[in-house]
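> work.pdb (PDB, C-alpha atoms) pasted underneath:
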MODEL        1
ATOM      1  CA  MET J  18     -37.685   9.268  -8.041  1.00  0.00           C
ATOM      2  CA  ALA J  19     -39.995  11.528  -9.980  1.00  0.00           C
ATOM      3  CA  VAL J  20     -42.814   8.978  -9.763  1.00  0.00           C
ATOM      4  CA  ALA J  21     -42.344   8.740  -5.997  1.00  0.00           C
ATOM      5  CA  ALA J  22     -42.392  12.538  -5.716  1.00  0.00           C
ATOM      6  CA  LEU J  23     -45.571  12.699  -7.812  1.00  0.00           C
ATOM      7  CA  ALA J  24     -47.129  10.007  -5.615  1.00  0.00           C
ATOM      8  CA  ASN J  25     -46.374  12.157  -2.556  1.00  0.00           C
ATOM      9  CA  GLY J  26     -48.235  15.102  -4.036  1.00  0.00           C
ATOM     10  CA  SER J  27     -45.463  17.233  -5.530  1.00  0.00           C
ATOM     11  CA  SER J  28     -46.178  19.093  -8.728  1.00  0.00           C
ATOM     12  CA  PRO J  29     -44.116  18.394 -11.872  1.00  0.00           C
ATOM     13  CA  GLN J  30     -42.723  21.953 -11.759  1.00  0.00           C
ATOM     14  CA  ILE J  31     -41.380  21.455  -8.208  1.00  0.00           C
ATOM     15  CA  ILE J  32     -39.828  18.112  -9.204  1.00  0.00           C
ATOM     16  CA  VAL J  33     -38.055  19.629 -12.221  1.00  0.00           C
ATOM     17  CA  ASP J  34     -36.821  22.612 -10.171  1.00  0.00           C
ATOM     18  CA  SER J  35     -35.550  20.349  -7.403  1.00  0.00           C
ATOM     19  CA  PHE J  36     -33.665  18.182  -9.877  1.00  0.00           C
ATOM     20  CA  GLY J  37     -32.131  21.191 -11.617  1.00  0.00           C
ATOM     21  CA  ASN J  38     -31.015  22.831  -8.385  1.00  0.00           C
ATOM     22  CA  GLY J  39     -29.678  19.612  -6.880  1.00  0.00           C
ATOM     23  CA  PHE J  40     -27.841  18.571 -10.034  1.00  0.00           C
ATOM     24  CA  TRP J  41     -25.767  21.738 -10.203  1.00  0.00           C
ATOM     25  CA  ASP J  42     -24.861  21.466  -6.523  1.00  0.00           C
ATOM     26  CA  LEU J  43     -22.915  18.308  -7.410  1.00  0.00           C
ATOM     27  CA  THR J  44     -20.497  20.098  -9.735  1.00  0.00           C
ATOM     28  CA  ALA J  45     -18.201  21.262  -6.927  1.00  0.00           C
ATOM     29  CA  PHE J  46     -17.984  17.733  -5.549  1.00  0.00           C
ATOM     30  CA  THR J  47     -17.394  16.333  -9.042  1.00  0.00           C
ATOM     31  CA  LEU J  48     -14.519  18.756  -9.605  1.00  0.00           C
ATOM     32  CA  GLN J  49     -12.980  17.861  -6.253  1.00  0.00           C
ATOM     33  CA  MET J  50     -13.111  14.132  -7.019  1.00  0.00           C
ATOM     34  CA  ALA J  51     -11.650  14.703 -10.483  1.00  0.00           C
ATOM     35  CA  MET J  52      -8.763  16.622  -8.921  1.00  0.00           C
ATOM     36  CA  VAL J  53      -8.184  13.808  -6.397  1.00  0.00           C
ATOM     37  CA  VAL J  54      -7.983  11.255  -9.216  1.00  0.00           C
ATOM     38  CA  LEU J  55      -5.771  13.476 -11.372  1.00  0.00           C
ATOM     39  CA  THR J  56      -3.309  14.423  -8.628  1.00  0.00           C
ATOM     40  CA  GLY J  57      -3.212  10.824  -7.387  1.00  0.00           C
ATOM     41  CA  TYR J  58      -2.287   9.654 -10.875  1.00  0.00           C
ATOM     42  CA  VAL J  59       0.364  12.353 -11.273  1.00  0.00           C
ATOM     43  CA  VAL J  60       1.953  11.547  -7.919  1.00  0.00           C
ATOM     44  CA  ALA J  61       1.822   7.766  -8.436  1.00  0.00           C
ATOM     45  CA  THR J  62       3.469   7.971 -11.857  1.00  0.00           C
ATOM     46  CA  SER J  63       6.280  10.295 -10.777  1.00  0.00           C
ATOM     47  CA  ARG J  64       9.698   8.601 -10.704  1.00  0.00           C
ATOM     48  CA  PRO J  65      10.367   8.623  -6.940  1.00  0.00           C
ATOM     49  CA  VAL J  66       6.898   7.425  -5.969  1.00  0.00           C
ATOM     50  CA  ALA J  67       6.804   4.834  -8.769  1.00  0.00           C
ATOM     51  CA  ARG J  68      10.130   3.436  -7.504  1.00  0.00           C
ATOM     52  CA  LEU J  69       8.756   3.334  -3.960  1.00  0.00           C
ATOM     53  CA  ILE J  70       5.610   1.539  -5.128  1.00  0.00           C
ATOM     54  CA  ASP J  71       7.704  -0.983  -7.076  1.00  0.00           C
ATOM     55  CA  THR J  72       9.912  -1.579  -4.036  1.00  0.00           C
ATOM     56  CA  LEU J  73       6.940  -2.090  -1.756  1.00  0.00           C
ATOM     57  CA  ALA J  74       5.248  -4.370  -4.297  1.00  0.00           C
ATOM     58  CA  ALA J  75       8.361  -6.562  -4.487  1.00  0.00           C
ATOM     59  CA  VAL J  76       8.096  -7.346  -0.759  1.00  0.00           C
ATOM     60  CA  SER J  77       5.223  -9.786  -1.164  1.00  0.00           C
ATOM     61  CA  GLN J  78       5.737 -13.119  -2.889  1.00  0.00           C
ATOM     62  CA  SER J  79       2.178 -14.462  -2.633  1.00  0.00           C
ATOM     63  CA  ALA J  80      -1.363 -13.228  -2.184  1.00  0.00           C
ATOM     64  CA  ALA J  81      -1.318 -14.007   1.542  1.00  0.00           C
ATOM     65  CA  THR J  82       1.829 -11.968   2.158  1.00  0.00           C
ATOM     66  CA  ALA J  83       0.457  -9.120   0.039  1.00  0.00           C
ATOM     67  CA  VAL J  84      -2.720  -8.994   2.134  1.00  0.00           C
ATOM     68  CA  SER J  85      -0.799  -9.118   5.410  1.00  0.00           C
ATOM     69  CA  PHE J  86       1.644  -6.444   4.192  1.00  0.00           C
ATOM     70  CA  VAL J  87      -1.192  -4.095   3.202  1.00  0.00           C
ATOM     71  CA  ALA J  88      -2.898  -4.724   6.566  1.00  0.00           C
ATOM     72  CA  PHE J  89       0.363  -3.976   8.366  1.00  0.00           C
ATOM     73  CA  LEU J  90       0.952  -0.749   6.426  1.00  0.00           C
ATOM     74  CA  SER J  91      -2.640   0.405   6.891  1.00  0.00           C
ATOM     75  CA  LYS J  92      -2.249  -0.043  10.641  1.00  0.00           C
ATOM     76  CA  LEU J  93       1.221   1.520  10.773  1.00  0.00           C
ATOM     77  CA  CYS J  94       0.845   4.560   8.483  1.00  0.00           C
ATOM     78  CA  PRO J  95      -1.851   6.444  10.425  1.00  0.00           C
ATOM     79  CA  ARG J  96       0.212   6.122  13.579  1.00  0.00           C
ATOM     80  CA  LEU J  97       3.319   7.463  11.829  1.00  0.00           C
ATOM     81  CA  PHE J  98       1.778  10.293   9.821  1.00  0.00           C
ATOM     82  CA  LEU J  99      -1.269  11.200  11.937  1.00  0.00           C
ATOM     83  CA  PRO J 100      -0.208  10.805  15.549  1.00  0.00           C
ATOM     84  CA  LEU J 101      -2.578  13.545  16.675  1.00  0.00           C
ATOM     85  CA  PRO J 102      -5.321  12.546  19.097  1.00  0.00           C
ATOM     86  CA  GLU J 103      -7.904  14.281  16.894  1.00  0.00           C
ATOM     87  CA  SER J 104      -7.206  11.843  14.058  1.00  0.00           C
ATOM     88  CA  TRP J 105      -8.225   8.862  16.206  1.00  0.00           C
ATOM     89  CA  PHE J 106     -11.146  10.568  17.967  1.00  0.00           C
ATOM     90  CA  SER J 107     -13.726   9.886  15.270  1.00  0.00           C
ATOM     91  CA  PHE J 108     -12.344   6.420  14.530  1.00  0.00           C
ATOM     92  CA  ARG J 109     -12.634   5.288  18.145  1.00  0.00           C
ATOM     93  CA  PHE J 110     -16.195   6.464  18.592  1.00  0.00           C
ATOM     94  CA  THR J 111     -17.505   5.130  15.291  1.00  0.00           C
ATOM     95  CA  ARG J 112     -16.131   1.639  15.883  1.00  0.00           C
ATOM     96  CA  PRO J 113     -16.763   0.831  19.540  1.00  0.00           C
ATOM     97  CA  TRP J 114     -15.809  -2.837  19.163  1.00  0.00           C
ATOM     98  CA  LEU J 115     -12.169  -1.864  18.548  1.00  0.00           C
ATOM     99  CA  GLN J 116     -10.204  -1.056  21.658  1.00  0.00           C
ATOM    100  CA  PHE J 117      -6.723   0.459  21.384  1.00  0.00           C
TER     101      PHE J 117
ENDMDL
END
In structure tokens, what does this structure look like?

Amino acid sequence: MAVAALANGSSPQIIVDSFGNGFWDLTAFTLQMAMVVLTGYVVATSRPVARLIDTLAAVSQSAATAVSFVAFLSKLCPRLFLPLPESWFSFRFTRPWLQF
């Protein structure tokens, strides 16, 4: 990246400043992603959710049924938990080949 910036006529000082400023802008995003991973782990390992995951995992007996079960749940869950029209607005316009 630095070589490409030098080839475009940027000075080494501008390249170093840009890297330093851009690098520290990523810390907020890094913290958010770390919190997503941490809270996801905590929720998934709690007793009620772990029992639910074990129950749902016991439904499938083969790889084909596991894939179809996950596809079914991924289609069903947004309609149950996000029935708002706003939740489907972006999805419909970003994938025009899907008609609901």
> Can you tell me which residues surround segment 63-73 of chain J at a distance of at most 12 Å, considering all atoms listed in the file, apart from same-chain residues fewer than 3 positions away, and format the answer as a list in words?
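Counting all atoms listed in the file, the residues come to Thr56, Gly57, Tyr58, Val59, Val60, Val76, Ser77, Gln78, Thr82, Ala83, Phe86, Val87 and Leu90 of chain J.
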> Atom CA of Thr44 of chain J to atom CA of Gly26 of chain J: how many Å, to one decimal?
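Rounded to one decimal, the two atoms are 28.8 Å apart.
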> If you measure from atom CA of Ala19 of chain J to atom CA of Gly37 of chain J, what distance in Å do you get, rounded to one decimal?
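Interatomic distance here is 12.6 Å.
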> Please enclose the listed atoms of segment 29-42 of chain J in an axis-aligned box, pad each side by 4 Å, and write out the centre and the three edge lengths in Å, rounded to one decimal, as JSON.

{"center_x": -34.5, "center_y": 20.5, "center_z": -9.4, "size_x": 27.3, "size_y": 12.7, "size_z": 13.7}
> In terms of the shortest atom-to-atom distance over only C-alpha atoms, which of J:Val84, J:Ser79, J:Ala51, J:Met18 is closest to Ser35 of chain J?
J:Met18
> I'd like the interatomic distance between atom CA of Val20 of chain J and atom CA of Ile32 of chain J, to a tenth of an Å.
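Separating atom CA of Val20 of chain J from atom CA of Ile32 of chain J is a distance of 9.6 Å.
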